[in-house]
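**Q** Structure in structure tokens, see below.
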Amino acid sequence: MDMEVVGLGYMPGALLPVNPPSVRWVPELYCHNERVMIYAQGSFGTMVVVLVGACGVGSIRLAFHDLSTNRYGAGPRRMNFDKPVFVGKGMDLGVFEMGSTVILLFSREKVQLAPPAVGRQVRLGQPIGKLVTARQLAGGAREEER
């Protein structure tokens, strides 16, 4: 979906595996691992994309900013952009140097999630929910699938 990135956050941390056994046995695993938070605005309201580093993930690279992750001694950072950065639907937001986890946080009542069954992988381009339009909130029946 189209978005305007209004800021970034960086939280250094561990690089623990995020496989199912680790998630089961390490309390609050995602809170311990390195994270990049992308704060965005759009027709969906406010959204945060949390990129979670993991074992084997050398770094998280953003397509629209030169933030450098996985650096010894780096501290937490928060950057608010004076001018929002536009990232259009289908454009790269960022990449993991290997692979890891993405957590999406949306404004309440702006998105209807349709996640895959537990244990199923999400593939590029696969719908995971729908944006709820202002018209639908007002009683209409139109939705934008994303």
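Chain lettering (A, B, ...) mirrors the order of the structure tokens, residue numbering begins at 1 for each chain separately, and ligand numbering begins at 1 in order of display.
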I'd like the neighbourhood of segment 26-31 of chain A as a compact mmCIF listing (two decimals) with all heavy atoms, in the first residue's frame, where a residue qualifies if any of its atoms comes within 10 Å (using only C-alpha atoms), though same-chain residues fewer than 2 positions away should be ignored.

**A**
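Result file out_13.txt:
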# COMPACT_ATOMS: atom_id res chain seq x y z
N MET A 11 16.46 -0.20 17.68
CA MET A 11 16.72 -0.75 19.00
C MET A 11 17.72 -1.90 18.84
O MET A 11 17.38 -2.94 18.30
CB MET A 11 15.43 -1.27 19.64
CG MET A 11 15.61 -1.81 21.04
SD MET A 11 16.27 -0.62 22.22
CE MET A 11 14.90 0.51 22.35
N GLY A 13 20.03 -5.08 19.88
CA GLY A 13 19.69 -6.19 20.76
C GLY A 13 20.36 -7.47 20.32
O GLY A 13 21.29 -7.47 19.51
N ALA A 14 19.85 -8.56 20.84
CA ALA A 14 20.38 -9.88 20.52
C ALA A 14 19.99 -10.27 19.10
O ALA A 14 19.20 -9.59 18.45
CB ALA A 14 19.82 -10.90 21.51
N LEU A 15 20.55 -11.35 18.63
CA LEU A 15 20.18 -11.91 17.33
C LEU A 15 19.84 -13.38 17.54
O LEU A 15 20.47 -14.28 16.97
CB LEU A 15 21.32 -11.72 16.31
CG LEU A 15 21.61 -10.27 15.93
CD1 LEU A 15 22.85 -10.17 15.06
CD2 LEU A 15 20.41 -9.66 15.21
N LEU A 16 18.83 -13.62 18.37
CA LEU A 16 18.39 -14.98 18.66
C LEU A 16 17.57 -15.53 17.49
O LEU A 16 16.92 -14.77 16.78
CB LEU A 16 17.53 -14.98 19.93
CG LEU A 16 18.20 -14.45 21.20
CD1 LEU A 16 17.17 -14.26 22.30
CD2 LEU A 16 19.30 -15.39 21.64
N PRO A 17 17.56 -16.84 17.29
CA PRO A 17 16.72 -17.42 16.23
C PRO A 17 15.25 -17.10 16.49
O PRO A 17 14.83 -16.99 17.64
CB PRO A 17 16.96 -18.93 16.35
CG PRO A 17 18.14 -19.10 17.22
CD PRO A 17 18.29 -17.86 18.04
N VAL A 18 14.46 -16.96 15.43
CA VAL A 18 13.03 -16.71 15.58
C VAL A 18 12.21 -17.88 15.04
O VAL A 18 11.07 -17.71 14.63
CB VAL A 18 12.60 -15.38 14.90
CG1 VAL A 18 13.21 -14.20 15.63
CG2 VAL A 18 12.97 -15.36 13.44
N PRO A 21 10.57 -23.24 17.79
CA PRO A 21 11.04 -23.66 19.12
C PRO A 21 11.57 -22.50 19.95
O PRO A 21 11.30 -22.40 21.15
CB PRO A 21 12.15 -24.68 18.82
CG PRO A 21 11.85 -25.18 17.45
CD PRO A 21 11.23 -24.03 16.72
N SER A 22 12.32 -21.59 19.32
CA SER A 22 12.86 -20.44 20.06
C SER A 22 11.75 -19.53 20.55
O SER A 22 11.79 -19.05 21.69
CB SER A 22 13.82 -19.64 19.17
OG SER A 22 14.92 -20.42 18.80
N VAL A 23 10.76 -19.28 19.70
CA VAL A 23 9.64 -18.41 20.09
C VAL A 23 8.90 -19.03 21.28
O VAL A 23 8.46 -18.32 22.19
CB VAL A 23 8.70 -18.17 18.90
CG1 VAL A 23 7.44 -17.44 19.32
CG2 VAL A 23 9.42 -17.36 17.82
N ARG A 24 8.76 -20.35 21.29
CA ARG A 24 8.08 -21.03 22.41
C ARG A 24 8.87 -20.95 23.71
O ARG A 24 8.29 -20.80 24.78
CB ARG A 24 7.86 -22.51 22.07
CG ARG A 24 6.48 -22.83 21.55
CD ARG A 24 6.17 -24.32 21.52
NE ARG A 24 7.20 -25.17 20.98
CZ ARG A 24 7.42 -25.41 19.68
NH1 ARG A 24 6.67 -24.80 18.78
NH2 ARG A 24 8.38 -26.20 19.29
N ASN A 33 15.48 -9.15 20.55
CA ASN A 33 16.24 -9.07 19.30
C ASN A 33 16.30 -7.64 18.77
O ASN A 33 15.44 -6.82 19.07
CB ASN A 33 15.63 -9.98 18.23
CG ASN A 33 16.11 -11.41 18.36
OD1 ASN A 33 16.77 -11.77 19.32
ND2 ASN A 33 15.78 -12.23 17.39
N GLU A 34 17.33 -7.39 17.95
CA GLU A 34 17.49 -6.10 17.29
C GLU A 34 16.24 -5.79 16.47
O GLU A 34 15.66 -6.68 15.85
CB GLU A 34 18.71 -6.18 16.38
CG GLU A 34 18.94 -4.93 15.57
CD GLU A 34 20.18 -5.05 14.71
OE1 GLU A 34 20.15 -5.82 13.73
OE2 GLU A 34 21.15 -4.37 15.04
N ARG A 35 15.84 -4.50 16.45
CA ARG A 35 14.64 -4.12 15.73
C ARG A 35 14.81 -2.76 15.05
O ARG A 35 15.47 -1.88 15.59
CB ARG A 35 13.43 -4.03 16.68
CG ARG A 35 13.10 -5.36 17.31
CD ARG A 35 12.09 -5.27 18.43
NE ARG A 35 12.31 -4.35 19.51
CZ ARG A 35 13.18 -4.51 20.51
NH1 ARG A 35 13.98 -5.54 20.55
NH2 ARG A 35 13.26 -3.63 21.50
N VAL A 50 7.67 -3.28 12.02
CA VAL A 50 8.79 -3.64 12.89
C VAL A 50 9.57 -4.76 12.21
O VAL A 50 9.03 -5.84 11.99
CB VAL A 50 8.30 -4.10 14.28
CG1 VAL A 50 9.50 -4.39 15.19
CG2 VAL A 50 7.39 -3.05 14.92
N LEU A 51 10.81 -4.48 11.86
CA LEU A 51 11.69 -5.48 11.26
C LEU A 51 12.55 -6.05 12.38
O LEU A 51 13.29 -5.31 13.03
CB LEU A 51 12.57 -4.83 10.18
CG LEU A 51 11.81 -4.06 9.10
CD1 LEU A 51 12.78 -3.31 8.20
CD2 LEU A 51 10.92 -4.98 8.30
N VAL A 52 12.44 -7.35 12.63
CA VAL A 52 13.11 -7.99 13.76
C VAL A 52 14.30 -8.79 13.25
O VAL A 52 14.13 -9.71 12.44
CB VAL A 52 12.15 -8.92 14.53
CG1 VAL A 52 12.85 -9.54 15.74
CG2 VAL A 52 10.90 -8.17 14.96
N GLY A 53 15.49 -8.44 13.72
CA GLY A 53 16.70 -9.19 13.37
C GLY A 53 16.69 -10.55 14.04
O GLY A 53 15.93 -10.80 14.98
N ALA A 54 17.54 -11.44 13.57
CA ALA A 54 17.60 -12.79 14.14
C ALA A 54 18.96 -13.40 13.85
O ALA A 54 19.78 -12.84 13.13
CB ALA A 54 16.49 -13.66 13.54
N THR A 101 11.71 -11.71 10.71
CA THR A 101 10.31 -11.51 11.03
C THR A 101 9.91 -10.05 10.82
O THR A 101 10.67 -9.15 11.15
CB THR A 101 10.06 -11.89 12.51
OG1 THR A 101 10.42 -13.26 12.68
CG2 THR A 101 8.62 -11.69 12.90
N ILE A 103 6.70 -7.50 11.84
CA ILE A 103 5.48 -7.31 12.64
C ILE A 103 4.82 -6.03 12.14
O ILE A 103 5.47 -5.00 12.02
CB ILE A 103 5.82 -7.20 14.14
CG1 ILE A 103 6.50 -8.49 14.62
CG2 ILE A 103 4.56 -6.90 14.96
CD1 ILE A 103 7.09 -8.41 16.01

**Q** Using the chain letters and numbers from this document, which residues of segment 7-130 of chain A does DSSP assign to strand (DSSP E), as a ChimeraX atom specification?

**A** /A:7-11,35-42,45-52,60-62,77-87,94-96,101-106,111-113,129-130

**Q** For segment 9-69 of chain A against segment 89-92 of chain A, with a cut-off of 9 Å and counting only C-alpha atoms, what is the closest atom pair and its distance in Å to one decimal for every residue that makes the cut, ordered by chain and number, as a Markdown table?

**A**
| residue | atom | partner | partner_atom | distance |
| --- | --- | --- | --- | --- |
| A:Leu62 | CA | A:Asp92 | CA | 8.3 |
| A:Ala63 | CA | A:Asp92 | CA | 6.0 |
| A:Phe64 | CA | A:Asp92 | CA | 8.5 |

**Q** Using 9 Å as the limit and counting only C-alpha atoms, can you tabulate each residue of segment 39-79 of chain A that touches segment 109-117 of chain A, with its shortest atom-to-atom distance in Å and the two atoms involved, as a Markdown table?

**A**
| residue | atom | partner | partner_atom | distance |
| --- | --- | --- | --- | --- |
| A:Ser43 | CA | A:Lys110 | CA | 8.6 |
| A:Phe44 | CA | A:Lys110 | CA | 5.5 |
| A:Gly45 | CA | A:Lys110 | CA | 6.8 |

**Q** Apply DSSP to the backbone of this structure and, from segment 24-71 of chain A, keep only the residues in helix (DSSP H, G or I); write these as a PDB file with N, CA, C and O atoms, in the first residue's frame.

**A**
ATOM      1  N   ARG A  24       8.763 -20.353  21.289  1.00  0.00           N
ATOM      2  CA  ARG A  24       8.080 -21.026  22.406  1.00  0.00           C
ATOM      3  C   ARG A  24       8.866 -20.952  23.705  1.00  0.00           C
ATOM      4  O   ARG A  24       8.290 -20.805  24.776  1.00  0.00           O
ATOM      5  N   TRP A  25      10.189 -21.041  23.644  1.00  0.00           N
ATOM      6  CA  TRP A  25      11.001 -21.194  24.848  1.00  0.00           C
ATOM      7  C   TRP A  25      11.678 -19.931  25.344  1.00  0.00           C
ATOM      8  O   TRP A  25      12.149 -19.896  26.475  1.00  0.00           O
ATOM      9  N   LEU A  29      10.767 -13.003  23.143  1.00  0.00           N
ATOM     10  CA  LEU A  29      11.887 -13.083  22.207  1.00  0.00           C
ATOM     11  C   LEU A  29      11.998 -11.851  21.317  1.00  0.00           C
ATOM     12  O   LEU A  29      13.084 -11.282  21.152  1.00  0.00           O
ATOM     13  N   TYR A  30      10.880 -11.415  20.751  1.00  0.00           N
ATOM     14  CA  TYR A  30      10.924 -10.292  19.813  1.00  0.00           C
ATOM     15  C   TYR A  30      11.339  -8.992  20.500  1.00  0.00           C
ATOM     16  O   TYR A  30      11.784  -8.060  19.837  1.00  0.00           O
ATOM     17  N   CYS A  31      11.214  -8.909  21.802  1.00  0.00           N
ATOM     18  CA  CYS A  31      11.643  -7.726  22.551  1.00  0.00           C
ATOM     19  C   CYS A  31      13.144  -7.737  22.813  1.00  0.00           C
ATOM     20  O   CYS A  31      13.725  -6.700  23.128  1.00  0.00           O
ATOM     21  N   HIS A  32      13.775  -8.893  22.710  1.00  0.00           N
ATOM     22  CA  HIS A  32      15.217  -9.005  22.958  1.00  0.00           C
ATOM     23  C   HIS A  32      16.035  -8.797  21.693  1.00  0.00           C
ATOM     24  O   HIS A  32      17.164  -8.337  21.755  1.00  0.00           O
TER      25      HIS A  32
END

**Q** Pick from A:Leu124, A:Met1, A:Leu131, A:Ile38: nearest to Ile60 of chain A, with only C-alpha atoms counted?

**A**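 Checking each of A:Leu124, A:Met1, A:Leu131, A:Ile38 against Ile60 of chain A, counting only C-alpha atoms, the winner is A:Ile38.
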
**Q** Can you pull out every residue within 8 Å of Leu8 of chain A, counting only C-alpha atoms, but drop anything in the same chain fewer than 4 positions away, and send it as a ChimeraX atom specification?

**A** /A:36-39,78-80

**Q** List the neighbours of Thr69 of chain A out to 8 Å using only C-alpha atoms; skip same-chain residues closer than 3 positions along the sequence, and give me the result as a PyMOL selection string.

**A** chain A and resi 10+12+59-61

**Q** Residues at most 10 Å from Gln126 of chain A, counting only C-alpha atoms, excluding those fewer than 3 positions away in the same chain, as a list in words?

**A**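 Answer for this query is Pro115, Pro116, Gln121, Val122, Arg123, Gly129 and Arg146 of chain A.
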
**Q** Ranking A:Phe81, A:Val132, A:Glu4, A:Gly9 by minimum distance to Ser68 of chain A and counting only C-alpha atoms, which one comes first?

**A**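 That would be A:Gly9, the residue with the smallest distance to Ser68 of chain A.
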